[in-house]
Amino acid sequence: LSLWECSTPRYGNAQAHFPSPERSCTFARSGRSLSVCLFRRRCRRPRRRRRRRRPECVHDCSTTASPRLLAQPIPSDPGFTRTRRAHLWQAEMSDSDEDAYVSYGERPEWDDVTPVPQAESTNPVVRIAYANQYVDTMNYFRAVYATGEKSARVLALTEEAISQNGANYTVWHQRWEVVLALGSDIATELSYVEAMALDNPKNYQVWNHMRLCTEQLGASAARRNLEYISLALGADSKNYHAWSHRQWVVRTFKLWVEDMEFTAAMIDADVRNNSAWNERFFCIAEGGG
């Protein structure tokens with residue numbers, strides 16, 4: 001043990017390291033590591049806290065490089081620090097995306113449309129940092145939505161808007177209105193939404209759009225629906241949206257036998273799958289088992 005010289009204010013003018021006014025400790029250590037004060041009380045040296053600083057971008061901007069960005073596989077380059085290379089990599093990726101995108105103002109077929117920007121307050125508390133492509137697309141979508149235009153170019157516009165934000169229910173609704181107005185092939189539209197359902201399996205708007213298409217096509221699309229629902233449940237066997245849509249298909253087109261067989265297979269694969277047990281109970285209660 002080592003002894004530290006401890007003193008009270010009456011024994012000297014040593015600088016106090018503790019909040020208590022009666023006792024203070026100076027760091028005149030002698031001996032080894034563990035320390036016991038002369039008053040038989042353990043003294044502890046105040047520990048300095050190290051603050052972890054996130055790496056600041058050194059490329060003359062206010063961007064802070066996130067740990068996720070720094071973890072990206074960037075080619076080694078001894079001339080730059082990892083933070084510097086991460087910044088350049090991010091800039092290169094964003095530049096390539098912007099180069100591939102052609103704004104609607106530069107497309108000749110949209111010359112007759114004046115974009116409508118999103119209404120914002122003069123001094124918003126928190127402004128949403130939308131991507132430039134999304135802002136451009138939605139400005140033109142608001143313009144054609146306000147005029148009620150339903151054309152092939154609007155259909156293509158909704159597809160681009162959905163690819164940027166698949167949960168925009170206003171765009172999905174307008175797309176369906178355009179499909180009906182143009183008399184588009186519903187089977188082709190169903191193929192489109194099926195692909196979207198596999199990419200966005202927990203999106204309300206996707207499954208609702210699939211239901212609208214199926215209602216138009218009738219029983220011919222029922223079993224096709226079940227096949228794609230099975231694919232979605234293969235990725236997530238408890239996907240609420242897929243199970244809900246399956247219940248609608250089974251109830252609407254009376255596919256009780258097929259659903260009983262499907263739930264049996266799902267339960268054999270995972271006996272703890274509550275969603276499959278619930279679907280089986282639904283078949284027995286409403287379809288008579």
# chains A, B, ... in the order shown; residues from 1 in each chain; ligands from 1

$ residues_around --residues "region 236-252 of chain A" --least-positions-apart "3" --cutoff "9 Å" --atoms "only C-alpha atoms" --output "VMD selection string"
chain A and resid 201 to 204 207 to 208 210 to 211 214 219 222 to 223 225 to 226 229 to 233 255 to 256 258 to 259 266 273 to 276 279 282 to 283 286 to 287

$ write_last_selection --atoms "C-alpha atoms" --output "compact mmCIF listing (two decimals), in the first residue's frame"
# COMPACT_ATOMS: atom_id res chain seq x y z
CA PRO A 201 -43.60 -6.09 -48.37
CA LYS A 202 -44.78 -3.95 -45.45
CA ASN A 203 -46.27 -1.08 -47.39
CA TYR A 204 -50.02 -0.47 -46.97
CA TRP A 207 -51.22 -4.21 -50.99
CA ASN A 208 -54.20 -1.91 -51.41
CA MET A 210 -52.91 -5.06 -55.56
CA ARG A 211 -56.44 -5.47 -54.19
CA THR A 214 -57.48 -8.04 -58.39
CA ALA A 219 -61.09 -14.82 -60.10
CA ALA A 222 -56.91 -14.86 -57.27
CA ARG A 223 -54.45 -17.76 -57.33
CA ASN A 225 -52.24 -13.31 -55.75
CA LEU A 226 -51.78 -16.30 -53.47
CA ILE A 229 -48.34 -13.67 -51.03
CA SER A 230 -46.52 -16.95 -50.46
CA LEU A 231 -43.30 -15.36 -51.72
CA ALA A 232 -43.74 -12.42 -49.35
CA LEU A 233 -44.45 -14.76 -46.43
CA LEU A 255 -60.45 -20.39 -51.58
CA TRP A 256 -60.88 -22.09 -48.22
CA GLU A 258 -56.24 -23.91 -50.64
CA ASP A 259 -55.81 -21.80 -47.54
CA MET A 266 -46.80 -23.06 -42.60
CA ASN A 273 -46.22 -19.13 -36.08
CA ASN A 274 -49.19 -17.37 -34.49
CA SER A 275 -50.12 -15.75 -37.79
CA ALA A 276 -50.56 -19.14 -39.48
CA GLU A 279 -55.31 -17.76 -40.49
CA PHE A 282 -60.19 -17.78 -39.78
CA CYS A 283 -60.72 -20.54 -42.38
CA GLU A 286 -65.75 -18.37 -41.75
CA GLY A 287 -65.27 -21.14 -44.28

$ residues_around --residues "region 115-120 of chain A" --least-positions-apart "3" --cutoff "8 Å" --atoms "only C-alpha atoms" --output "list in words"
Pro124, Val135, Met138, Asn139, Tyr140, Phe141, Arg142 and Ala143 of chain A

$ atom_distance --atom1 "CA of Gln164 (chain A)" --atom2 "CA of Tyr134 (chain A)"
6.5 Å

$ atom_distance --atom1 "CA of Tyr101 (chain A)" --atom2 "CA of Leu155 (chain A)"
18.0 Å

$ closest_residue --among "A:Asn200, A:Ser151, A:Ser184, A:Ser191" --to "Ala235 (chain A)" --atoms "only C-alpha atoms"
A:Asn200

$ closest_residue --among "A:Leu217, A:Ser121, A:Thr158, A:Asp136" --to "Glu106 (chain A)" --atoms "only C-alpha atoms"
A:Asp136

$ select_by_dssp --residues "region 127-263 of chain A" --states "helix (DSSP H, G or I)" --output "PyMOL selection string"
chain A and resi 132-147+152-164+169-182+186-199+204-235+240-253+256-263

$ closest_residue --among "A:Tyr169, A:Tyr104, A:Trp277, A:Tyr130" --to "Ala156 (chain A)" --atoms "only C-alpha atoms"
A:Tyr104

$ residues_around --residues "region 175-182 of chain A" --least-positions-apart "2" --cutoff "12 Å" --atoms "only C-alpha atoms" --output "JSON, numbers by chain"
{"A": [141, 144, 145, 148, 149, 150, 151, 152, 153, 154, 155, 156, 157, 158, 159, 160, 161, 162, 168, 169, 170, 171, 172, 173, 184, 185, 186, 187, 188, 189, 190, 192, 193, 205, 206, 208, 209, 210, 211, 212, 213, 216]}
